[in-house]
Structure formats: C-alpha cells, structure tokens
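Here is the structure we will look at, set down as structure tokens.
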Amino acid sequence: ENLHERERDIKAARGKLLDANGTVLATNKSVCTISVIHNQIEEPEKVIEMLVRELGIPEETARKRVEKVSSIERVKTNVAKETGDAIRAYGLSGVKVDEDYKRYYPYGTLASKVLGFTGADNQGILGLEVKYDEYLQGTNGKILTLTDARGIEIENAGESRLEPVNGYDLCLSLDRNIQMYCEQAAKKVCTKKSADSVSVIVMNPQNGELMAMVNYPEFDLNDPFTLVGDTGESVSAEEKQNLLNKMWRNQCISDTYEPGSTFKIITAAAALEEGGGKLDDAFFCPGYKIVEDRRIRCARTTGHGAETFETGIMNSCNPVFMELGERLGAENFAGYFKQFGLLSKTNIDLPGEAGTIMHKTENIGPVELATISFGQSFQITPIQLVTTVSSIINGGTRVTPHFGVRILDKDKETVRELKYDDGKQIVSEETSRTVREILESVVSEGSGKNAYLEGYSIGGKTATSQTLPRSANRYISSFLGFTPAEHPTVLGLCIIRNPQGVYYGGTICAPVIRDIFSNVLPYLGIGHNS
C-alpha cells in the first residue's frame with residue numbers, strides 16, 4: 001500500500017496573536033507550494049514554459065525539476081496566492097498547487113522583540129511565538145492519493161483527506177496604541193541623545209500585565225534576517241549570526257545592568273520593613289561617607305547637610321542609603337533580597353530571561369554593603385526592577401509579569417485563561433503606603449520633578465549609573481514612575497543606554513515617562529485628580 005500512496009501535507013493555519021483590544025498583531029497570509037509529478041506530466045515543454053513564465057525561474061531549473069524521475073518534486077514554495085491560482089488555471093496534468101501559510105505581521109516592527117517570529121516550517125523562533133508555540137501551532141492535515149505501479153494516479157480511486165486542525169489564538173495584555181506611544185518616545189530620545197539603545201516597559205503593578213515593552217531600535221518581523229541599518233555584506237556568516245542575535249535580543253529581560261538609584265526604592269522598603277527607618281529620622285550628609293578606607297561620594301559633593309529619611313530619599317542622597325544599609329547589615333539585607341524575590345527570576349512568559357548577579361552574602365563586606373544600598377556593584381534585569389518595585393508599591397504582593405491573558409479557539413471561545421502566581425506578601429501594607437508617599441514627593445518636589453504632570457499624582461525615582469569599566473565614561477540613565485500614587489495601575493520604566501551629552505536620569509528619562517503618561521493616562525481613562 002505504501003508504494004501506491006503519495007501524500008501531500010495540508011498546512012494548518014497558525015493561531016493569531018491579538019492585542020488587549022483584539023487588534024491582530026500576527027496572522028497568516030495564504031501562499032502556495034508548486035510541485036510537479038514526473039510520470040503524470042503529459043506535455044513537459046508546456047509545463048516548463050509555464051513554470052518559467054509564472055514563477056520567473058530560469059529555464060534550466062524548470063527543466064531539471066520536470067525531467068527528474070521522482071514521486072513528487074517541489075519547484076517553489078512561498079508563491080503568492082494569485083500566482084498559484086493562475087498556475088492552477090492552466091489545467092496542466094502533473095502540476096500540483098498546495099496552499100500553505102506564511103506568518104505575517106501587520107505592524108512590521110511593532111514589539112518585534114516581544115512577539116518574535118517563526119521559521120520556514122512556521123515554528124516559533126523568538127519571543128511569544130516560541131513561548132506559546134504548543135497552542136499556536138495546530139496540526140497539519142494530509143492528502144493521500146492512490147497510484148498504480150507506474151505511479152500514475154488511479155482514476156476514481158479518489159483522494160482521502162485528513163483535515164488540518166488550526167492553531168489557537170493568543171490574547172495579550174500588550175496594547176498596540178500604548179506600545180506605539182512608547183516606541184515613538186523611545187525613538188525620539190534615542191535619536192536626540194545619540195544613545196546605543198532605549199528600553200521602555202509599561203506594566204500594571206497590581207497584576208503584572210504588561211501593556212508595552214520597547215527595545216529601540218526594533219527590527220522588521222516580516223524580514224527578520226535583515227540587519228537593521230547594516231547590509232551585513234562585509235561580515236562572515238558567523239559574525240552576521242552574532243549581529244542578528246544581538247538585534248533580536250530583548251534587553252528588558254535578557255540584559256542585566258546596575259540599576260543605580262532606582263534601587264534605593266528597594267533599600268528604603270527594606271529599612272522601613274525592618275523598622276530601621278522612620279520618616280523623620282535625622283541624618284547628616286557632608287557630601288561623602290567614609291567606609292573602611294574608602295571615601296564614597298554623594299552626587300552632591302558639597303553635601304546635603306542635615307536631612308530626614310524622607311528628604312534623603314527625595315534628594316537621592318547616597319550617604320543616607322549607606323547608613324540604612326549599614327543599619328540593616330549584610331545578612332539582613334540579603335534576607336530582604338530573597339524575601340522581595342530579587343534573587344530568583346520573575347518567570348515572565350518570554351524565553352531568555354537572565355537572573356540577578358549578586359554578591360554571595362559571606363562576601364558582602366562594609367564597602368559592598370554601602371554600594372549595594374544605592375544600587376551599584378550588582379546587576380539586575382529591567383523586568384526584575386519593575387516587578388520588584390511593582391510588588392513593593394501595590395500593597396506588597398509579588399506579581400508575575402506577563403503578556404499572555406487567554407487562549408481562544410476559532411469561535412472566539414476561551415479554551416484557557418492563563419493563570420499566574422499571585423505571589424506572597426513581600427512587604428506590609430504600611431511599608432507599601434509609606435514608599436508610595438515618599439516617591440510621590442520625589443516627583444512633586446525632588447529629583448524626579450521633570451516627570452510631574454499637572455493634575456496627576458505620580459510617584460517615581462531617577463537613576464544614573466556608570467557601566468564597567470568606569471573609565472570608559474559610559475552611563476545608563478533611567479527613570480521609573482507610577483500613577484496614581486495612591487493606588488498605582490500604571491508603572492513605566494525608561495532606560496537609556498550610553499546617552500551622549502547630559503546623562504542624568506532626572507533630566508533625560510523623566511520627561512520620556514512624562515510624555516508617555518500624558519498620552520497613555522487619558523487613553524486608559526485614568527482621570528485627573530478632581
């Protein structure tokens with residue numbers, strides 16, 4: 001029986017990716033695969049001529065395929081549906097036109113490093129396409145044809161068909177409009193500051209739903225093997241692959257960096273939770289703090305003088321945080337890292353998440369303790385920072401950041417609601433409230449005032465950190481903001497890598513988040529404080 005059967009696949013359509021409003025972000029275009037079956041061809045010259053004309057292939061290629069004695073010979077894949085229909089219309093025996101699907105992304109570069117793309121066999125290669133492959137994929141069908149001993153199809157034996165099962169659709173929390181606002185803002189600041197790259201994350205801190213994730217420059221999902229801004233002609237295949245991997249990299253989840261002062265939110269929460277910091281505690285900043293044999297400066301070298309815990313955070317004063325770190329002690333501080341979930345991954349529903357790079361507790365001496373307290377000498381991913389801060393300001397519950405919301409069948413019925421760990425309580429309700437209040441004053445009157453928006457209560461924290469080696473004078477600037485301060489439902493982080501000229505987070509990143517919020521908040525119906 002095997003000798004007398006010839007089978008061809010009927011391709012299943014891959015499920016669609018839909019944004020929060022049901023807008024299609026990834027779908028399929030019908031394409032055709034053209035094949036020839038040698039011993040069914042009655043007019044070889046006509047077939048060759050037709051293939052050359054319709055497919056634009058050289059005559060020798062067409063001849064080679066037509067004259068090859070094999071059960072079925074594929075001539076060309078990914079042929080436009082119109083061409084396939086035209087070839088079918090010739091009615092030439094021995095020519096088969098099978099419909100297939102090719103992945104298509106209507107918005108090209110939108111959220112490229114989040115959505116990801118598929119390979120030749122429509123299997124997910126990157127991003128959500130690979131993470132949810134089992135739901136999206138579907139199962140191919142088959143066409144079986146009976147042939148006689150010479151391979152000629154037997155009249156009236158008919159074909160048996162096994163119908164394909166299409167993949168499920170995936171609904172995301174990503175919102176195309178918010179993603180577009182963020183991409184435009186990232187592009188604008190990246191160009192203006194001649195930066196290497198800019199990342200933006202917008203998330204609901206209450207439940208971990210991600211509304212946008214930008215890594216500018218993005219690439220074209222419909223043409224993922226072409227390097228952005230470079231033809232890649234002059235490089236070896238291996239170098240080109242490395243450049244592609246770099247272009248595809250989702251820096252929000254795969255790259256770690258020293259968070260700098262945005263991490264002070266975490267130090268402050270630990271100090272409050274421990275009872276080691278009251279808002280009116282007195283501190284004094286002479287512009288530096290001597291730790292062992294090192295003089296570690298404050299950003300304000302002349303010093304802030306007398307401060308309270310609260311004004312220390314508003315001024316982003318390093319000596320105040322070093323003092324808090326010292327009071328906590330290494331063991332205790334490390335215990336809070338663990339309690340806050342900083343030492344494990346966030347378990348975001350994307351491949352390639354990197355872990356935190358942190359000193360072993362036994363190696364945290366006074367100098368390490370001092371530098372950790374204000375966000376240096378260790379590294380975390382941007383997604384880890386927004387997740388931990390969200391968890392500290394949302395009332396204290398650890399959330400899991402995610403894009404996937406539910407899986408739908410072809411009738412738009414829900415097959416599965418995607419559930420995420422509602423983590424444990426990591427800080428008390430009271431600590432959470434205090435941190436929100438302090439961070440609101442950072443924006444209304446402290447270092448984050450460039451993020452202030454008339455009529456909104458915004459909390460936030462700026463940061464500027466130097467990358468290694470320090471001698472290279474390369475900086476990473478960032479700003480993390482959230483609103484409404486009383487019950488935050490939108491949190492945004494902007495990171496600018498290697499900006500030229502002014503590099504302070506408060507000067508260059510805070511306005512980006514302000515711009516994004518001024519567009520996104522009215523869009524989400526988050527009103528002014530009336």
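Chain identifiers are assigned as A, B, and so on, following the order in which chains appear in the structure tokens; residues are numbered from 1 within each chain, and ligands are numbered from 1 in order of appearance.
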Query raised in the report: Can you list every residue in segment 19-175 of chain A that DSSP puts in strand (DSSP E or B), as a PyMOL selection string?
Result: chain A and resi 24-36+73-80+95-104+118+124+139+141-147+153+159-162+165+169-172
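Excluding Thr27 of chain A and any residue on its chain fewer than 3 positions from it, the residues at most 8 Å away by only C-alpha atoms are Arg14, Gly15, Lys16, Leu17, Val24, Arg103, Tyr104, Tyr105 and Pro106 of chain A.
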Query - All residues 9 Å or closer to segment 245-258 of chain A, only C-alpha atoms, same chain fewer than 3 positions away omitted, as number ranges by chain - result: A: 112-114, 116, 126-127, 199-201, 213-215, 217-219, 224, 227-228, 240-242, 263, 348, 350-357, 375-384, 465-467, 476
Report task. Tell me, as a ChimeraX atom specification, which residues lie within 8 Å of Met322 of chain A, counting only C-alpha atoms; anything in the same chain fewer than 4 positions away does not count. Result -> /A:289,318,326,369-371,373-374
Query raised in the report: Quick one: residues within 9 Å of Val95 of chain A, only C-alpha atoms counted, chain neighbours fewer than 2 positions away excluded, as a ChimeraX atom specification?
Result: /A:34-38,40-41,47,87-88,91-93,97
**Report entry** From A:Ser197, A:Ser477, A:Asn28, A:Thr414, residue lying nearest Tyr168 of chain A [only C-alpha atoms]
**Finding:**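 Nearest to Tyr168 of chain A: A:Thr414.
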Query raised in the report: Near Gln123 of chain A, within 12 Å and counting only C-alpha atoms, which residues show up once chain neighbours fewer than 6 positions away are dropped, as a list in words?
Result: Ala12, Ala13, Arg14, Gly15, Tyr101, Lys102, Arg103, Gly116, Phe117, Glu129, Val130, Lys131, Tyr132, Asp133, Glu134, Tyr135, Leu136, Gln137, Gly138, Thr139 and Gly167 of chain A
Selected residues written out with C-alpha atoms, as a PDB file, in the first residue's frame:
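Result saved to part01.pdb:
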```
ATOM      1  CA  ALA A  12      -2.625  24.119   9.417  1.00  0.00           C
ATOM      2  CA  ALA A  13      -3.049  27.852   9.965  1.00  0.00           C
ATOM      3  CA  ARG A  14      -1.077  29.091  12.973  1.00  0.00           C
ATOM      4  CA  GLY A  15      -3.111  30.870  15.665  1.00  0.00           C
ATOM      5  CA  TYR A 101       0.564  29.742   5.171  1.00  0.00           C
ATOM      6  CA  LYS A 102       3.238  32.292   5.788  1.00  0.00           C
ATOM      7  CA  ARG A 103       3.348  34.296   9.018  1.00  0.00           C
ATOM      8  CA  GLY A 116       9.092  37.176  17.915  1.00  0.00           C
ATOM      9  CA  PHE A 117       8.769  35.391  14.569  1.00  0.00           C
ATOM     10  CA  GLU A 129       5.805  32.899  19.138  1.00  0.00           C
ATOM     11  CA  VAL A 130       8.119  30.334  20.717  1.00  0.00           C
ATOM     12  CA  LYS A 131       6.794  30.556  24.297  1.00  0.00           C
ATOM     13  CA  TYR A 132       3.218  29.714  23.251  1.00  0.00           C
ATOM     14  CA  ASP A 133       4.152  27.515  20.267  1.00  0.00           C
ATOM     15  CA  GLU A 134       2.182  24.490  21.500  1.00  0.00           C
ATOM     16  CA  TYR A 135      -1.069  26.497  21.467  1.00  0.00           C
ATOM     17  CA  LEU A 136      -0.401  28.441  18.279  1.00  0.00           C
ATOM     18  CA  GLN A 137       0.897  25.614  16.134  1.00  0.00           C
ATOM     19  CA  GLY A 138      -2.047  23.474  15.099  1.00  0.00           C
ATOM     20  CA  THR A 139      -1.734  20.085  13.348  1.00  0.00           C
ATOM     21  CA  GLY A 167      -3.827  26.637  15.990  1.00  0.00           C
TER      22      GLY A 167
END
```
